[in-house]
$ cat data35.tsv   # TSV, C-alpha atoms
chain	number	residue	atom	x	y	z
A	28	MET	CA	-42.01	74.43	-13.33
A	29	LEU	CA	-40.59	72.41	-16.24
A	30	PHE	CA	-41.63	69.09	-14.68
A	31	ALA	CA	-45.22	70.39	-14.23
A	32	LEU	CA	-45.32	71.46	-17.88
A	33	VAL	CA	-44.10	68.06	-19.11
A	34	TYR	CA	-46.65	66.34	-16.87
A	35	ALA	CA	-49.48	68.44	-18.32
A	36	VAL	CA	-48.43	67.66	-21.89
A	37	VAL	CA	-48.30	63.89	-21.19
A	38	CYS	CA	-51.77	63.99	-19.60
A	39	TRP	CA	-53.21	65.86	-22.59
A	40	LEU	CA	-51.70	63.40	-25.11
A	41	SER	CA	-52.91	60.39	-23.11
A	42	ASP	CA	-56.45	61.82	-22.98
A	43	ARG	CA	-56.45	62.45	-26.75
A	44	TRP	CA	-54.99	58.99	-27.61
A	45	LEU	CA	-57.16	56.81	-25.31
A	46	PRO	CA	-60.54	55.55	-26.53
A	47	ARG	CA	-63.67	57.52	-25.65
A	48	THR	CA	-65.82	54.69	-24.36
A	49	ALA	CA	-65.44	53.88	-20.66
A	50	SER	CA	-64.87	50.09	-21.09
A	51	ASP	CA	-62.29	50.45	-23.87
A	52	ARG	CA	-60.64	53.29	-22.00
A	53	ALA	CA	-60.26	51.14	-18.85
A	54	LEU	CA	-58.78	48.22	-20.80
A	55	ALA	CA	-56.31	50.47	-22.59
A	56	ILE	CA	-55.22	52.07	-19.33
A	57	GLU	CA	-54.77	48.65	-17.69
A	58	LEU	CA	-52.75	47.44	-20.69
A	59	LEU	CA	-50.46	50.45	-20.59
A	60	ALA	CA	-49.97	50.05	-16.84
A	61	LEU	CA	-49.08	46.38	-17.20
A	62	ARG	CA	-46.62	47.09	-20.04
A	63	HIS	CA	-44.94	49.76	-17.99
A	64	GLU	CA	-44.74	47.39	-15.01
A	65	VAL	CA	-43.10	44.74	-17.22
A	66	ARG	CA	-40.50	47.28	-18.40
A	67	VAL	CA	-39.70	48.18	-14.78
A	68	LEU	CA	-39.37	44.51	-13.81
A	69	ARG	CA	-37.09	43.80	-16.77
A	70	ARG	CA	-34.77	46.55	-15.61
A	71	GLN	CA	-34.55	44.88	-12.18
A	72	VAL	CA	-34.44	41.19	-13.16
A	73	GLN	CA	-32.00	40.05	-15.84
A	74	ARG	CA	-33.50	36.61	-16.39
A	75	PRO	CA	-36.88	35.63	-14.89
A	76	ARG	CA	-37.44	32.12	-13.60
A	77	TRP	CA	-40.37	30.52	-15.37
A	78	ARG	CA	-42.37	27.76	-13.77
A	79	PRO	CA	-43.95	24.99	-15.86
A	80	ALA	CA	-47.39	26.58	-15.40
A	81	ASP	CA	-46.09	29.94	-16.64
A	82	ARG	CA	-44.59	28.30	-19.69
A	83	LEU	CA	-47.86	26.50	-20.38
A	84	VAL	CA	-49.87	29.75	-20.32
A	85	LEU	CA	-47.44	31.62	-22.59
A	86	ALA	CA	-47.20	28.71	-25.03
A	87	ALA	CA	-51.00	28.46	-25.21
A	88	LEU	CA	-51.39	32.21	-25.77
A	89	SER	CA	-48.79	32.14	-28.55
A	90	ARG	CA	-51.08	29.81	-30.50
A	91	CYS	CA	-53.83	32.46	-30.53
A	92	VAL	CA	-51.82	35.18	-32.28
A	93	PRO	CA	-49.86	35.22	-35.54
A	94	ARG	CA	-46.15	34.46	-35.38
A	95	ALA	CA	-45.37	38.02	-36.34
A	96	GLU	CA	-46.96	39.19	-33.09
A	97	TRP	CA	-44.83	36.95	-30.87
A	98	SER	CA	-42.51	39.82	-30.13
A	99	ARG	CA	-45.13	41.06	-27.65
A	100	PHE	CA	-44.36	38.16	-25.32
A	101	PRO	CA	-41.63	38.55	-22.66
A	102	VAL	CA	-39.73	35.56	-24.10
A	103	ARG	CA	-38.04	34.98	-27.44
A	104	PRO	CA	-39.81	33.09	-30.23
A	105	GLU	CA	-37.12	30.37	-30.21
A	106	THR	CA	-37.92	29.73	-26.57
A	107	LEU	CA	-41.60	29.31	-27.29
A	108	LEU	CA	-40.77	26.77	-30.00
A	109	ARG	CA	-38.43	24.84	-27.68
A	110	TRP	CA	-40.94	24.38	-24.86
A	111	PRO	CA	-43.33	22.10	-26.79
A	112	ARG	CA	-40.40	20.04	-28.04
A	113	GLU	CA	-39.22	19.53	-24.45
A	114	VAL	CA	-42.68	18.32	-23.46
A	115	VAL	CA	-42.58	15.76	-26.29
A	116	ARG	CA	-39.10	14.66	-25.23
A	117	TRP	CA	-40.24	14.16	-21.62
A	118	LYS	CA	-43.17	12.14	-22.90
A	119	TRP	CA	-41.01	9.69	-24.86
A	120	ALA	CA	-38.42	9.51	-22.11
A	121	ALA	CA	-41.10	8.50	-19.61
A	122	PHE	CA	-42.47	5.98	-22.11
A	123	GLY	CA	-38.99	4.50	-22.55
A	124	ARG	CA	-38.54	4.12	-18.79
A	125	ARG	CA	-41.82	2.26	-18.56
A	126	ARG	CA	-41.07	0.08	-21.55
A	127	ARG	CA	-37.45	-0.82	-20.67
A	128	PRO	CA	-36.26	-1.50	-24.23
A	129	GLY	CA	-33.15	-3.52	-25.08
A	130	ARG	CA	-31.44	-6.17	-22.97
A	131	PRO	CA	-32.58	-6.77	-19.43
A	132	PRO	CA	-30.14	-5.43	-16.82
A	133	LEU	CA	-27.57	-7.75	-15.31
A	134	ALA	CA	-28.59	-9.12	-11.94
A	135	PRO	CA	-26.49	-7.90	-8.98
A	136	GLU	CA	-25.86	-11.51	-7.97
A	137	ALA	CA	-24.40	-12.32	-11.40
A	138	ARG	CA	-22.21	-9.21	-11.32
A	139	ALA	CA	-20.88	-10.15	-7.88
A	140	LEU	CA	-20.16	-13.70	-9.10
A	141	ILE	CA	-18.25	-12.39	-12.12
A	142	LEU	CA	-16.00	-10.25	-9.93
A	143	ARG	CA	-15.53	-13.07	-7.43
A	144	LEU	CA	-14.60	-15.65	-10.07
A	145	ALA	CA	-12.17	-13.25	-11.72
A	146	ARG	CA	-10.57	-12.43	-8.37
A	147	GLU	CA	-10.27	-16.00	-7.15
A	148	ASN	CA	-9.24	-17.53	-10.51
A	149	ALA	CA	-6.65	-15.24	-11.99
A	150	ALA	CA	-5.82	-17.48	-14.97
A	151	ARG	CA	-9.41	-17.91	-16.21
A	152	GLY	CA	-10.60	-15.91	-19.20
A	153	TYR	CA	-14.04	-14.66	-20.13
A	154	GLN	CA	-15.21	-17.96	-21.62
A	155	ARG	CA	-14.11	-19.97	-18.58
A	156	ILE	CA	-15.93	-17.58	-16.29
A	157	ARG	CA	-18.99	-17.78	-18.54
A	158	GLY	CA	-18.92	-21.57	-18.28
A	159	GLU	CA	-18.87	-21.42	-14.50
A	160	LEU	CA	-21.78	-18.96	-14.51
A	161	LEU	CA	-23.80	-21.25	-16.77
A	162	LYS	CA	-23.36	-24.08	-14.28
A	163	LEU	CA	-24.60	-21.74	-11.53
A	164	GLY	CA	-27.71	-20.75	-13.49
A	165	HIS	CA	-26.60	-17.35	-14.85
A	166	PRO	CA	-26.61	-17.25	-18.70
A	167	VAL	CA	-24.27	-14.30	-19.26
A	168	ALA	CA	-22.47	-13.51	-22.52
A	169	ALA	CA	-18.69	-13.25	-22.65
A	170	THR	CA	-18.93	-9.63	-23.84
A	171	THR	CA	-20.97	-8.79	-20.73
A	172	ILE	CA	-18.31	-10.36	-18.53
A	173	ARG	CA	-15.65	-8.31	-20.29
A	174	ALA	CA	-17.69	-5.12	-19.82
A	175	VAL	CA	-18.16	-5.80	-16.10
A	176	LEU	CA	-14.46	-6.44	-15.56
A	177	ARG	CA	-13.49	-3.34	-17.53
A	178	ARG	CA	-15.95	-1.24	-15.53
A	179	HIS	CA	-14.28	-2.44	-12.32
A	180	ARG	CA	-10.79	-2.10	-13.86
A	181	GLY	CA	-10.13	-5.81	-14.01
A	182	PRO	CA	-7.43	-6.75	-16.55
A	183	PRO	CA	-7.77	-9.73	-18.91
A	184	ALA	CA	-6.76	-13.22	-17.84
A	185	PRO	CA	-3.08	-13.12	-18.96
A	186	ARG	CA	-2.53	-9.97	-16.91
A	187	ARG	CA	-4.44	-11.34	-13.94
A	188	ALA	CA	-2.46	-14.58	-13.99
A	189	GLY	CA	0.62	-13.13	-12.32
A	190	LEU	CA	1.09	-14.50	-8.81
A	191	ALA	CA	1.18	-11.64	-6.34
A	192	TRP	CA	3.19	-11.79	-3.13
A	193	PRO	CA	0.14	-12.23	-0.84
A	194	ALA	CA	-1.10	-15.15	-2.96
A	195	PHE	CA	2.41	-16.65	-2.99
A	196	LEU	CA	2.69	-16.45	0.80
A	197	ARG	CA	-0.73	-18.04	1.31
A	198	ALA	CA	0.03	-20.85	-1.14
A	199	HIS	CA	3.34	-21.74	0.55
A	200	ALA	CA	2.41	-20.96	4.14
A	201	ARG	CA	2.74	-24.58	5.25
A	202	GLY	CA	6.51	-24.77	4.78
A	203	LEU	CA	7.36	-21.05	4.78
A	204	LEU	CA	9.67	-19.54	7.37
A	205	ALA	CA	10.06	-15.75	7.45
A	206	CYS	CA	12.89	-13.93	9.17
A	207	ASP	CA	13.69	-10.32	9.89
A	208	VAL	CA	15.54	-8.03	12.29
A	209	PHE	CA	14.49	-4.94	14.24
A	210	GLY	CA	16.27	-2.52	16.51
A	211	VAL	CA	15.60	-1.69	20.15
A	212	GLU	CA	16.97	1.35	22.01
A	213	THR	CA	18.08	0.84	25.62
A	214	VAL	CA	18.06	3.39	28.44
A	215	ARG	CA	21.79	3.85	27.83
A	216	LEU	CA	21.08	4.88	24.20
A	217	GLN	CA	22.55	1.65	22.91
A	218	THR	CA	20.97	0.06	19.85
A	219	LEU	CA	20.39	-3.69	20.06
A	220	TYR	CA	19.38	-5.76	17.04
A	221	VAL	CA	16.96	-8.67	17.44
A	222	ARG	CA	16.86	-11.52	14.94
A	223	PHE	CA	13.68	-13.63	14.85
A	224	PHE	CA	12.01	-16.24	12.67
A	225	LEU	CA	8.29	-16.71	12.10
A	226	GLU	CA	6.47	-19.83	10.91
A	227	VAL	CA	3.83	-18.37	8.60
A	228	GLN	CA	1.24	-21.14	8.83
A	229	THR	CA	0.99	-21.25	12.63
A	230	ARG	CA	2.33	-17.69	13.30
A	231	ARG	CA	4.74	-19.25	15.77
A	232	VAL	CA	7.74	-17.02	16.50
A	233	PHE	CA	11.33	-18.03	17.36
A	234	ILE	CA	13.65	-15.46	18.95
A	235	ALA	CA	17.09	-16.24	17.51
A	236	GLY	CA	19.07	-13.75	19.57
A	237	CYS	CA	20.00	-10.12	20.09
A	238	THR	CA	23.30	-8.30	19.84
A	239	ALA	CA	24.71	-4.83	19.47
A	240	HIS	CA	27.06	-5.84	16.64
A	241	PRO	CA	25.36	-8.18	14.16
A	242	THR	CA	27.80	-9.76	11.74
A	243	GLY	CA	27.56	-12.40	9.06
A	244	GLU	CA	29.10	-15.04	11.32
A	245	TRP	CA	26.66	-14.23	14.12
A	246	VAL	CA	23.66	-14.46	11.78
A	247	ALA	CA	24.86	-17.80	10.40
A	248	GLN	CA	25.31	-19.19	13.92
A	249	GLN	CA	21.78	-18.13	14.85
A	250	ALA	CA	20.55	-19.99	11.79
A	251	ARG	CA	22.32	-23.16	12.94
A	252	ASN	CA	20.80	-22.86	16.41
A	253	LEU	CA	17.34	-22.46	14.90
A	254	CYS	CA	17.76	-25.48	12.62
A	255	TRP	CA	18.68	-27.61	15.63
A	256	ASP	CA	15.53	-26.44	17.45
A	257	LEU	CA	13.35	-27.09	14.41
A	258	GLU	CA	14.81	-30.55	13.91
A	259	ARG	CA	14.23	-31.39	17.57
A	260	GLU	CA	10.54	-30.47	17.19
A	261	GLY	CA	10.13	-32.25	13.86
A	262	LEU	CA	9.68	-29.12	11.72
A	263	ARG	CA	11.23	-28.99	8.24
A	264	PRO	CA	10.60	-25.73	6.35
A	265	THR	CA	10.85	-25.74	2.57
A	266	LEU	CA	11.14	-21.98	1.94
A	267	LEU	CA	12.91	-19.19	3.80
A	268	LEU	CA	11.77	-15.62	3.15
A	269	ARG	CA	14.38	-12.96	3.86
A	270	ASP	CA	15.33	-9.48	2.75
A	271	ARG	CA	18.47	-8.36	0.90
A	272	ASP	CA	20.56	-7.49	3.94
A	273	ALA	CA	24.29	-7.94	3.38
A	274	LYS	CA	24.54	-9.88	6.66
A	275	PHE	CA	22.77	-12.81	4.98
A	276	THR	CA	25.94	-14.38	3.70
A	277	PRO	CA	26.14	-17.53	1.55
A	278	ALA	CA	26.89	-19.43	4.75
A	279	PHE	CA	23.47	-18.42	6.11
A	280	ASP	CA	21.68	-19.74	3.00
A	281	ALA	CA	23.81	-22.90	3.07
A	282	VAL	CA	22.60	-23.73	6.59
A	283	PHE	CA	18.98	-23.86	5.45
A	284	ALA	CA	19.89	-25.47	2.14
A	285	GLY	CA	21.29	-28.36	4.15
A	286	GLN	CA	17.83	-28.74	5.74
A	287	GLY	CA	16.09	-28.70	2.34
A	288	ALA	CA	14.88	-25.10	2.53
A	289	ARG	CA	15.37	-22.67	-0.35
A	290	ALA	CA	16.03	-19.00	0.45
A	291	ILE	CA	13.84	-16.42	-1.33
A	292	ARG	CA	14.81	-12.77	-1.31
A	293	THR	CA	12.10	-10.10	-1.18
A	294	PRO	CA	12.01	-7.33	-3.81
A	295	VAL	CA	13.90	-4.12	-3.18
A	296	ARG	CA	12.12	-1.72	-0.80
A	297	ALA	CA	9.03	-3.91	-0.55
A	298	PRO	CA	8.21	-4.44	3.15
A	299	ARG	CA	4.78	-5.86	2.25
A	300	ALA	CA	6.50	-8.86	0.68
A	301	ASN	CA	7.49	-9.89	4.22
A	302	ALA	CA	4.23	-8.71	5.76
A	303	TYR	CA	3.94	-11.41	8.45
A	304	ALA	CA	7.32	-10.62	9.95
A	305	GLU	CA	6.72	-6.88	9.73
A	306	ARG	CA	3.37	-7.29	11.48
A	307	TRP	CA	4.98	-9.21	14.34
A	308	VAL	CA	7.50	-6.41	14.84
A	309	ARG	CA	4.61	-3.99	15.31
A	310	THR	CA	2.88	-6.41	17.69
A	311	VAL	CA	5.89	-6.88	19.96
A	312	ARG	CA	6.53	-3.14	20.05
A	313	GLU	CA	2.95	-2.22	20.94
A	314	ASP	CA	2.32	-5.05	23.42
A	315	CYS	CA	5.67	-5.29	25.14
A	316	LEU	CA	8.56	-2.98	24.29
A	317	ALA	CA	6.50	0.22	24.44
A	318	TRP	CA	5.83	-0.51	28.14
A	319	CYS	CA	9.33	-1.62	29.21
A	320	LEU	CA	12.61	0.15	29.80
A	321	VAL	CA	15.31	-2.09	28.34
A	322	LEU	CA	18.48	-1.98	30.44
A	323	GLY	CA	20.77	-4.07	28.25
A	324	GLU	CA	21.24	-7.10	26.07
A	325	ARG	CA	20.61	-9.63	28.81
A	326	HIS	CA	17.46	-7.86	29.97
A	327	LEU	CA	16.14	-7.64	26.41
A	328	ARG	CA	16.76	-11.33	25.85
A	329	GLN	CA	14.74	-12.21	28.99
A	330	VAL	CA	11.86	-9.88	28.01
A	331	LEU	CA	11.61	-11.23	24.47
A	332	ARG	CA	11.85	-14.85	25.62
A	333	GLU	CA	8.96	-14.40	28.04
A	334	TYR	CA	6.86	-12.44	25.55
A	335	ALA	CA	7.48	-15.06	22.83
A	336	SER	CA	6.22	-17.72	25.24
A	337	HIS	CA	3.07	-15.68	25.87
A	338	TYR	CA	2.62	-14.98	22.16
A	339	ASN	CA	2.98	-18.62	21.11
A	340	ARG	CA	0.83	-20.18	23.83
A	341	ARG	CA	-1.64	-17.58	25.10
A	342	ARG	CA	-2.17	-14.63	22.79
A	343	PRO	CA	-5.19	-15.03	20.45
A	344	ARG	CA	-4.53	-14.45	16.77
A	345	ARG	CA	-7.27	-13.19	14.47
A	346	ALA	CA	-5.82	-15.07	11.49
A	347	LEU	CA	-6.11	-18.33	13.46
A	348	GLY	CA	-9.72	-17.89	14.52
A	349	LEU	CA	-8.78	-16.06	17.74
A	350	ARG	CA	-6.65	-18.96	18.93
A	351	PRO	CA	-2.95	-18.85	19.87
A	352	PRO	CA	-0.32	-20.44	17.60
A	353	LEU	CA	0.17	-23.34	20.04
A	354	PRO	CA	-3.26	-23.84	21.65
A	355	ARG	CA	-3.77	-26.07	24.67
A	356	GLY	CA	-6.62	-28.13	23.24
A	357	GLN	CA	-10.19	-27.05	22.65
A	358	PRO	CA	-11.65	-24.44	25.00
A	359	ARG	CA	-14.15	-25.85	27.47
A	360	ARG	CA	-16.81	-24.22	29.58
A	361	THR	CA	-16.12	-25.41	33.07
A	362	ALA	CA	-17.08	-24.08	36.42
A	363	GLY	CA	-14.48	-22.30	38.45
A	364	GLU	CA	-13.07	-18.91	39.18
A	365	VAL	CA	-11.27	-16.97	36.43
A	366	VAL	CA	-7.69	-16.34	37.54
A	367	ARG	CA	-5.34	-13.74	36.10
A	368	HIS	CA	-1.62	-14.35	35.70
A	369	ASP	CA	0.71	-11.38	35.25
A	370	ARG	CA	3.74	-11.64	33.01
A	371	LEU	CA	6.54	-9.14	32.42
A	372	GLY	CA	5.73	-7.41	35.70
A	373	GLY	CA	2.06	-6.90	34.85
A	374	VAL	CA	2.55	-5.64	31.30
A	375	VAL	CA	0.83	-8.76	29.91
A	376	HIS	CA	-2.13	-10.51	31.54
A	377	GLU	CA	-3.24	-14.09	30.98
A	378	TYR	CA	-6.56	-15.54	32.10
A	379	GLU	CA	-7.66	-19.07	32.82
A	380	ARG	CA	-10.08	-20.92	35.04
A	381	ALA	CA	-8.81	-22.27	38.30
A	382	ALA	CA	-8.87	-26.03	38.70
A	383	ALA	CA	-11.97	-27.25	40.55
$ encode --input "data35.tsv" --output "structure tokens"
Amino acid sequence: MLFALVYAVVCWLSDRWLPRTASDRALAIELLALRHEVRVLRRQVQRPRWRPADRLVLAALSRCVPRAEWSRFPVRPETLLRWPREVVRWKWAAFGRRRRPGRPPLAPEARALILRLARENAARGYQRIRGELLKLGHPVAATTIRAVLRRHRGPPAPRRAGLAWPAFLRAHARGLLACDVFGVETVRLQTLYVRFFLEVQTRRVFIAGCTAHPTGEWVAQQARNLCWDLEREGLRPTLLLRDRDAKFTPAFDAVFAGQGARAIRTPVRAPRANAYAERWVRTVREDCLAWCLVLGERHLRQVLREYASHYNRRRPRRALGLRPPLPRGQPRRTAGEVVRHDRLGGVVHEYERAAA
């Protein structure tokens, strides 16, 4: 009953307030309906998403009414003022992209050359690199070179001039001999220690010996045996790379000092400093020892001797252009059947063409 009374009062007030003419009355009713619909939508949506076309219509309509009447719009007056400014900003931003003001961008080829010259010439500063670029047809300022190196976290020349271990090993590979030791577990749970030497330039490996009780005297004797083998083959190393094991006694260093080789100790806990020897340990484990059951010291010595022969004469090395350390001349394409030879009981296979 109360709701019907309230409804009757609202209808009477609306009829008295609305215009009398039919056209004005229809417009007023439509306006009231739209305003009520906007209020309902605002209760449901916290923040409407305006498209560029919607913003354009509202901004254009705001120009047709005084600023005091802007409160009728569903957006704030500050928002209406910001929209035209954004359009102007987009205009000038697009104009700037077309115009490309300032310095021209650095060519990718010049950037790559800067990084390459800095990497390959650690002692050269910005001016030296700039001089090389000028000879190659790239006029680049020294400040640009500095910015490129800083962006790629390249230090200045004095800090880049330090000789890293990989660069040291490559520079002295011709006369460098690396040595190391690794352990092998037998089927009887006995640990055997293998001492080997590696010629860095050719990747040729020398198995010095294996024992269950390595001592300083044993290590020194293996060094003497190796020096005799190297002298018989006409090899004279100038540097010996070794770790800081206590078994490397002064007698061990004196053996190589008598052959004109200076011993260099690797830094503490830095296996990458002796990377070539460490890599060979992984190779022999994966190719050979992981597929064999070692019975004892004598058996291990035979296995390593045969694998070293295969490694030095038959196994391709990626660092040597996929050729073995001691190749048998240039490969030739000849007719004939490809024959497989099994070594270590079939663990390792070697292939060659049968003689015609």
$ atom_distance --input "data35.tsv" --atom1 "atom CA of A:Arg251" --atom2 "atom CA of A:Val308"
22.4 Å
$ atom_distance --input "data35.tsv" --atom1 "atom CA of A:Leu219" --atom2 "atom CA of A:His240"
7.8 Å
$ residues_around --input "data35.tsv" --residues "stretch 207-218 of chain A" --least-positions-apart "3" --cutoff "9 Å" --atoms "all atoms listed in the file" --output "ChimeraX atom specification"
/A:221-225,238-239,268-270,301,304-305,308,316,320-324,327
$ atom_distance --input "data35.tsv" --atom1 "atom CA of A:Leu144" --atom2 "atom CA of A:Ile156"
6.6 Å
$ residues_around --input "data35.tsv" --residues "A:Ala290" --least-positions-apart "5" --cutoff "10 Å" --atoms "only C-alpha atoms" --output "list of chain:residue names"
A:Leu203, A:Leu204, A:Ala205, A:Thr265, A:Leu266, A:Leu267, A:Leu268, A:Arg269, A:Asp270, A:Phe279, A:Asp280, A:Ala281, A:Phe283, A:Ala284
$ closest_residue --input "data35.tsv" --among "A:Ala174, A:Val295, A:Val115, A:Ala288" --to "A:Ile141" --atoms "only C-alpha atoms"
A:Ala174
$ residues_around --input "data35.tsv" --residues "stretch 367-379 of chain A" --least-positions-apart "2" --cutoff "8 Å" --atoms "all atoms listed in the file" --output "JSON list (two decimals) with C-alpha atoms, in the coordinates of the input"
[["chain", "number", "residue", "atom", "x", "y", "z"],
["A", 314, "ASP", "CA", 2.32, -5.05, 23.42],
["A", 315, "CYS", "CA", 5.67, -5.29, 25.14],
["A", 318, "TRP", "CA", 5.83, -0.51, 28.14],
["A", 330, "VAL", "CA", 11.86, -9.88, 28.01],
["A", 333, "GLU", "CA", 8.96, -14.40, 28.04],
["A", 334, "TYR", "CA", 6.86, -12.44, 25.55],
["A", 341, "ARG", "CA", -1.64, -17.58, 25.10],
["A", 365, "VAL", "CA", -11.27, -16.97, 36.43],
["A", 381, "ALA", "CA", -8.81, -22.27, 38.30]]
